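First up is the structure itself, then whatever we jot down about it.
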Amino acid sequence: MPQSRVAKPGSTARRGNRGESAMHTRVTERAVLFYSSASLFSNFHPAPFVARPYLPLAARPAGAARRPTAEAPGATPVAELLAAATDLARPAVRFGHAEQYLMAAKAAVFADAPALDALLASSDMTPMAAKRTGRAVAGFDQAQWDAEKREVAFVTCLAKFAAAPERVAALLDTLPVSRRLVEASPRDRVWGVGLGIRNPDAEVPSRWRGQNLLGEPRGSPNRETLRRHCGVLVGGDGRPPGATPDSL
């Protein structure tokens with residue numbers, strides 16, 4: 001994948017030589033729009049990390065530990081957040097991409113042990129294979145998932161971005177206060193906005209056709225929370241010395 005830095009409004013990043021059809025990240029004054037596995041912000045992007053499996057809210061101890069991770073004080077160390085939101089009874093495993101972690105979390109929420117074991121078995125699982133396994137979890141209940149999926153998305157993003165300083169730098173570099181992160185998927189109305197990356201309406205929340213749950217954990221209202229927690233890892237303005245956000 002070519003290296004490209006998303007640094008200012010008007011910039012775009014493309015994969016290969018296929019022109020506009022291959023655009024995966026577009027930056028404007030109001031938004032960072034992303035689509036396809038070529039973008040660092042996509043759950044399908046190959047961004048390995050090691051983490052323990054997700055611990056559902058209902059399985060966490062009563063009290064502060066059961067509070068959604070995004071609501072924790074901004075100075076809370078990432079290790080402490082992940083300890084509270086993951087299953088300490090299980091060993092940490094390597095995930096090949098965020099989609100694998102998110103779908104494993106879905107299996108954990110519905111206590112589907114075979115699906116969870118399959119999703120934890122190998123970091124070589126493709127994003128589409130992980131998605132298929134997650135879609136087939138036993139005991140799925142939409143209302144229960146709706147109550148948990150924002151926490152799942154936030155913990156997934158925290159584990160993925162906190163795993164590498166260059167990912168932290170990329171996140172901090174592309175998210176000034178006024179700019180949202182938007183999954184500009186024209187077909188996904190849950191994790192995305194239901195609009196394409198070149199559609200100007202994708203920059204305007206009131207015109208979205210989807211919920212943008214994948215963009216939301218790194219956007220308003222949780223944007224600043226994720227930035228603060230990741231910034232704790234590197235200190236100061238959130239940039240590790242010499243790091244450049246060139247992994248988008």
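Identifiers in the structure tokens: chain A, B, ... in order shown; residue index from 1 per chain; ligand index from 1 in order shown.
Every protein or nucleic acid residue with an atom no more than 12 Å from Phe49 (chain A), counting only C-alpha atoms and leaving out same-chain residues fewer than 4 positions away, appears here: His45, Pro53, Ala92, Val93, Arg94, Phe95, Gly96, His97, Ala98, Glu99, Gln100, Tyr101, Ser123, Thr156, Cys157, Leu158, Ala159, Lys160, Phe161, Ala162, Ala163, Ala164 and Arg167 of chain A.
Within 12 Å of Pro61 (chain A), once only C-alpha atoms are used and residues closer than 3 positions along the same chain are dropped, the contacting residues are Leu55, Pro56, Leu57, Ala58, Ala64, Ala65, Arg66, Arg67, Ala84, Ala85, Thr86 and Asp87 of chain A.
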Please write the residues from the selection above to a file, keeping N, CA and C atoms, as an mmCIF file, in the first residue's frame.
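Okay, result10.cif is ready:
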data_model
loop_
_atom_site.group_PDB
_atom_site.id
_atom_site.type_symbol
_atom_site.label_atom_id
_atom_site.label_comp_id
_atom_site.auth_asym_id
_atom_site.auth_seq_id
_atom_site.Cartn_x
_atom_site.Cartn_y
_atom_site.Cartn_z
ATOM 1 N N LEU A 55 -14.719 -8.094 27.246
ATOM 2 C CA LEU A 55 -15.549 -8.544 28.362
ATOM 3 C C LEU A 55 -16.871 -7.777 28.311
ATOM 4 N N PRO A 56 -17.994 -8.460 28.082
ATOM 5 C CA PRO A 56 -19.285 -7.766 27.993
ATOM 6 C C PRO A 56 -19.594 -6.966 29.249
ATOM 7 N N LEU A 57 -20.351 -5.898 29.089
ATOM 8 C CA LEU A 57 -20.699 -5.030 30.220
ATOM 9 C C LEU A 57 -21.361 -5.823 31.341
ATOM 10 N N ALA A 58 -22.237 -6.734 30.997
ATOM 11 C CA ALA A 58 -22.959 -7.495 32.018
ATOM 12 C C ALA A 58 -22.048 -8.408 32.815
ATOM 13 N N ALA A 64 -18.133 1.136 39.038
ATOM 14 C CA ALA A 64 -17.449 1.926 38.009
ATOM 15 C C ALA A 64 -16.945 1.074 36.859
ATOM 16 N N ALA A 65 -16.556 -0.167 37.131
ATOM 17 C CA ALA A 65 -16.009 -1.030 36.085
ATOM 18 C C ALA A 65 -17.033 -1.349 35.008
ATOM 19 N N ARG A 66 -18.326 -1.238 35.355
ATOM 20 C CA ARG A 66 -19.367 -1.541 34.382
ATOM 21 C C ARG A 66 -19.738 -0.308 33.550
ATOM 22 N N ARG A 67 -19.190 0.824 33.899
ATOM 23 C CA ARG A 67 -19.428 2.034 33.127
ATOM 24 C C ARG A 67 -18.741 1.911 31.765
ATOM 25 N N ALA A 84 -10.120 -3.260 32.349
ATOM 26 C CA ALA A 84 -11.504 -3.261 32.803
ATOM 27 C C ALA A 84 -12.467 -3.765 31.733
ATOM 28 N N ALA A 85 -12.089 -3.606 30.471
ATOM 29 C CA ALA A 85 -13.006 -3.913 29.379
ATOM 30 C C ALA A 85 -12.704 -5.230 28.687
ATOM 31 N N THR A 86 -11.699 -5.958 29.163
ATOM 32 C CA THR A 86 -11.344 -7.227 28.533
ATOM 33 C C THR A 86 -11.336 -8.360 29.544
ATOM 34 N N ASP A 87 -11.327 -9.561 29.036
ATOM 35 C CA ASP A 87 -11.465 -10.758 29.870
ATOM 36 C C ASP A 87 -10.092 -11.193 30.407
#
Taken to one decimal, the CA of Arg150 (chain A)-CA of Glu71 (chain A) distance is 11.7 Å
DSSP alpha helix (DSSP H) residues within region 25-126 of chain A, as a list in words
Val78, Ala79, Glu80, Leu81, Leu82, Ala83, Ala84, Ala85, Ala98, Glu99, Gln100, Tyr101, Leu102, Met103, Ala104, Ala105, Lys106, Ala107, Ala108, Val109, Ala113, Pro114, Ala115, Leu116, Asp117, Ala118, Leu119 and Leu120 of chain A
Go ahead and save the residues from that selection, with N, CA, C and O atoms, as an mmCIF file, in the first residue's frame.
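Written out: out-v9.cif:
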data_model
loop_
_atom_site.group_PDB
_atom_site.id
_atom_site.type_symbol
_atom_site.label_atom_id
_atom_site.label_comp_id
_atom_site.auth_asym_id
_atom_site.auth_seq_id
_atom_site.Cartn_x
_atom_site.Cartn_y
_atom_site.Cartn_z
ATOM 1 N N VAL A 78 -4.395 3.770 29.327
ATOM 2 C CA VAL A 78 -5.007 2.828 28.399
ATOM 3 C C VAL A 78 -4.977 1.405 28.963
ATOM 4 O O VAL A 78 -5.948 0.656 28.837
ATOM 5 N N ALA A 79 -3.876 1.031 29.594
ATOM 6 C CA ALA A 79 -3.775 -0.324 30.154
ATOM 7 C C ALA A 79 -4.882 -0.571 31.180
ATOM 8 O O ALA A 79 -5.438 -1.671 31.249
ATOM 9 N N GLU A 80 -5.213 0.450 31.955
ATOM 10 C CA GLU A 80 -6.269 0.312 32.958
ATOM 11 C C GLU A 80 -7.633 0.174 32.291
ATOM 12 O O GLU A 80 -8.471 -0.626 32.715
ATOM 13 N N LEU A 81 -7.859 0.942 31.243
ATOM 14 C CA LEU A 81 -9.125 0.860 30.521
ATOM 15 C C LEU A 81 -9.308 -0.518 29.894
ATOM 16 O O LEU A 81 -10.375 -1.125 29.998
ATOM 17 N N LEU A 82 -8.263 -0.999 29.246
ATOM 18 C CA LEU A 82 -8.366 -2.299 28.587
ATOM 19 C C LEU A 82 -8.471 -3.437 29.601
ATOM 20 O O LEU A 82 -9.126 -4.449 29.328
ATOM 21 N N ALA A 83 -7.862 -3.279 30.753
ATOM 22 C CA ALA A 83 -7.988 -4.301 31.794
ATOM 23 C C ALA A 83 -9.431 -4.413 32.266
ATOM 24 O O ALA A 83 -9.935 -5.511 32.540
ATOM 25 N N ALA A 84 -10.120 -3.260 32.349
ATOM 26 C CA ALA A 84 -11.504 -3.261 32.803
ATOM 27 C C ALA A 84 -12.467 -3.765 31.733
ATOM 28 O O ALA A 84 -13.526 -4.311 32.043
ATOM 29 N N ALA A 85 -12.089 -3.606 30.471
ATOM 30 C CA ALA A 85 -13.006 -3.913 29.379
ATOM 31 C C ALA A 85 -12.704 -5.230 28.687
ATOM 32 O O ALA A 85 -13.390 -5.586 27.725
ATOM 33 N N ALA A 98 -9.077 -5.062 13.103
ATOM 34 C CA ALA A 98 -10.104 -4.706 14.073
ATOM 35 C C ALA A 98 -11.409 -5.465 13.852
ATOM 36 O O ALA A 98 -12.159 -5.706 14.801
ATOM 37 N N GLU A 99 -11.708 -5.850 12.614
ATOM 38 C CA GLU A 99 -12.939 -6.592 12.352
ATOM 39 C C GLU A 99 -12.952 -7.902 13.117
ATOM 40 O O GLU A 99 -13.989 -8.322 13.652
ATOM 41 N N GLN A 100 -11.807 -8.543 13.213
ATOM 42 C CA GLN A 100 -11.719 -9.803 13.952
ATOM 43 C C GLN A 100 -12.017 -9.575 15.426
ATOM 44 O O GLN A 100 -12.747 -10.352 16.057
ATOM 45 N N TYR A 101 -11.468 -8.489 15.989
ATOM 46 C CA TYR A 101 -11.712 -8.204 17.406
ATOM 47 C C TYR A 101 -13.192 -7.878 17.639
ATOM 48 O O TYR A 101 -13.813 -8.361 18.597
ATOM 49 N N LEU A 102 -13.758 -7.046 16.768
ATOM 50 C CA LEU A 102 -15.147 -6.630 16.949
ATOM 51 C C LEU A 102 -16.092 -7.828 16.871
ATOM 52 O O LEU A 102 -17.027 -7.954 17.682
ATOM 53 N N MET A 103 -15.862 -8.725 15.937
ATOM 54 C CA MET A 103 -16.737 -9.882 15.810
ATOM 55 C C MET A 103 -16.530 -10.887 16.941
ATOM 56 O O MET A 103 -17.469 -11.560 17.373
ATOM 57 N N ALA A 104 -15.300 -10.980 17.439
ATOM 58 C CA ALA A 104 -15.069 -11.808 18.623
ATOM 59 C C ALA A 104 -15.818 -11.223 19.821
ATOM 60 O O ALA A 104 -16.367 -11.958 20.655
ATOM 61 N N ALA A 105 -15.841 -9.881 19.907
ATOM 62 C CA ALA A 105 -16.586 -9.230 20.988
ATOM 63 C C ALA A 105 -18.080 -9.539 20.862
ATOM 64 O O ALA A 105 -18.768 -9.781 21.863
ATOM 65 N N LYS A 106 -18.578 -9.545 19.653
ATOM 66 C CA LYS A 106 -19.992 -9.878 19.434
ATOM 67 C C LYS A 106 -20.282 -11.304 19.906
ATOM 68 O O LYS A 106 -21.300 -11.553 20.566
ATOM 69 N N ALA A 107 -19.396 -12.225 19.594
ATOM 70 C CA ALA A 107 -19.577 -13.603 20.056
ATOM 71 C C ALA A 107 -19.547 -13.676 21.575
ATOM 72 O O ALA A 107 -20.303 -14.440 22.195
ATOM 73 N N ALA A 108 -18.678 -12.872 22.205
ATOM 74 C CA ALA A 108 -18.600 -12.859 23.668
ATOM 75 C C ALA A 108 -19.881 -12.309 24.282
ATOM 76 O O ALA A 108 -20.363 -12.814 25.305
ATOM 77 N N VAL A 109 -20.433 -11.267 23.681
ATOM 78 C CA VAL A 109 -21.663 -10.661 24.203
ATOM 79 C C VAL A 109 -22.786 -11.683 24.260
ATOM 80 O O VAL A 109 -23.579 -11.718 25.212
ATOM 81 N N ALA A 113 -19.626 -19.642 22.507
ATOM 82 C CA ALA A 113 -18.253 -20.106 22.703
ATOM 83 C C ALA A 113 -17.611 -20.646 21.429
ATOM 84 O O ALA A 113 -16.448 -20.343 21.148
ATOM 85 N N PRO A 114 -18.322 -21.464 20.616
ATOM 86 C CA PRO A 114 -17.682 -21.953 19.380
ATOM 87 C C PRO A 114 -17.288 -20.826 18.430
ATOM 88 O O PRO A 114 -16.197 -20.846 17.842
ATOM 89 N N ALA A 115 -18.150 -19.834 18.276
ATOM 90 C CA ALA A 115 -17.828 -18.711 17.398
ATOM 91 C C ALA A 115 -16.660 -17.916 17.964
ATOM 92 O O ALA A 115 -15.753 -17.508 17.222
ATOM 93 N N LEU A 116 -16.656 -17.695 19.264
ATOM 94 C CA LEU A 116 -15.564 -16.959 19.890
ATOM 95 C C LEU A 116 -14.247 -17.699 19.710
ATOM 96 O O LEU A 116 -13.227 -17.092 19.344
ATOM 97 N N ASP A 117 -14.248 -19.005 19.953
ATOM 98 C CA ASP A 117 -13.022 -19.793 19.788
ATOM 99 C C ASP A 117 -12.512 -19.722 18.347
ATOM 100 O O ASP A 117 -11.312 -19.628 18.104
ATOM 101 N N ALA A 118 -13.434 -19.778 17.389
ATOM 102 C CA ALA A 118 -13.039 -19.709 15.983
ATOM 103 C C ALA A 118 -12.411 -18.359 15.658
ATOM 104 O O ALA A 118 -11.415 -18.274 14.922
ATOM 105 N N LEU A 119 -12.954 -17.305 16.237
ATOM 106 C CA LEU A 119 -12.452 -15.965 15.960
ATOM 107 C C LEU A 119 -11.133 -15.687 16.663
ATOM 108 O O LEU A 119 -10.365 -14.815 16.237
ATOM 109 N N LEU A 120 -10.850 -16.419 17.714
ATOM 110 C CA LEU A 120 -9.589 -16.238 18.446
ATOM 111 C C LEU A 120 -8.501 -17.193 17.978
ATOM 112 O O LEU A 120 -7.350 -17.067 18.405
#
Considering only C-alpha atoms, return as a VMD selection string whatever protein or nucleic-acid residues lie within 8 Å of Ser37 (chain A), sequence-local ones (same chain, fewer than 4 positions apart) excluded.
-> chain A and resid 24 42 to 46
note - CA of Asp146 (chain A) and CA of Gly134 (chain A) are separated by 14.8 Å
For Asn212 (chain A): contacts at 8 Å, only C-alpha atoms, fewer than 2 positions along chain excluded, given as a PDB file with N, CA and C atoms, in the first residue's frame:
ATOM      1  N   VAL A 182     -15.718   9.777   9.431  1.00  0.00           N
ATOM      2  CA  VAL A 182     -16.929   9.264   8.796  1.00  0.00           C
ATOM      3  C   VAL A 182     -16.594   8.035   7.964  1.00  0.00           C
ATOM      4  N   GLU A 183     -17.247   6.907   8.262  1.00  0.00           N
ATOM      5  CA  GLU A 183     -17.106   5.763   7.371  1.00  0.00           C
ATOM      6  C   GLU A 183     -18.064   5.973   6.207  1.00  0.00           C
ATOM      7  N   ARG A 189     -25.422   1.062   6.630  1.00  0.00           N
ATOM      8  CA  ARG A 189     -26.180   2.093   7.349  1.00  0.00           C
ATOM      9  C   ARG A 189     -26.117   1.911   8.862  1.00  0.00           C
ATOM     10  N   VAL A 190     -25.304   1.002   9.322  1.00  0.00           N
ATOM     11  CA  VAL A 190     -25.100   0.835  10.763  1.00  0.00           C
ATOM     12  C   VAL A 190     -23.722   1.368  11.146  1.00  0.00           C
ATOM     13  N   TRP A 191     -22.677   0.749  10.620  1.00  0.00           N
ATOM     14  CA  TRP A 191     -21.320   1.193  10.932  1.00  0.00           C
ATOM     15  C   TRP A 191     -20.907   2.391  10.092  1.00  0.00           C
ATOM     16  N   GLY A 192     -21.540   2.571   8.951  1.00  0.00           N
ATOM     17  CA  GLY A 192     -21.239   3.693   8.074  1.00  0.00           C
ATOM     18  C   GLY A 192     -22.399   4.665   7.986  1.00  0.00           C
ATOM     19  N   VAL A 193     -22.303   5.600   7.020  1.00  0.00           N
ATOM     20  CA  VAL A 193     -23.333   6.636   6.877  1.00  0.00           C
ATOM     21  C   VAL A 193     -24.263   6.385   5.695  1.00  0.00           C
ATOM     22  N   GLY A 210     -27.135   6.610   7.595  1.00  0.00           N
ATOM     23  CA  GLY A 210     -26.711   5.561   8.513  1.00  0.00           C
ATOM     24  C   GLY A 210     -26.226   6.145   9.827  1.00  0.00           C
ATOM     25  N   LEU A 214     -18.887   3.122  13.243  1.00  0.00           N
ATOM     26  CA  LEU A 214     -17.445   2.906  13.156  1.00  0.00           C
ATOM     27  C   LEU A 214     -16.686   4.222  13.241  1.00  0.00           C
ATOM     28  N   GLY A 215     -17.245   5.279  12.667  1.00  0.00           N
ATOM     29  CA  GLY A 215     -16.610   6.586  12.773  1.00  0.00           C
ATOM     30  C   GLY A 215     -16.809   7.221  14.133  1.00  0.00           C
ATOM     31  N   GLU A 216     -17.958   6.946  14.751  1.00  0.00           N
ATOM     32  CA  GLU A 216     -18.310   7.620  15.998  1.00  0.00           C
ATOM     33  C   GLU A 216     -17.325   7.415  17.146  1.00  0.00           C
TER      34      GLU A 216
END
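Between Ala72 (chain A) and the candidates A:Glu151, A:Arg90, A:Leu172, A:Ala121, the tightest atom-to-atom separation, counting only C-alpha atoms, involves A:Glu151.
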Once DSSP has gone over the backbone, tell me which residues of region 50-197 of chain A are in strand (DSSP E or B), as a PyMOL selection string. chain A and resi 50-51+54+86+93-95+180-183
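CA of Ala184 (chain A) sits 4.8 Å away from CA of Ile197 (chain A).
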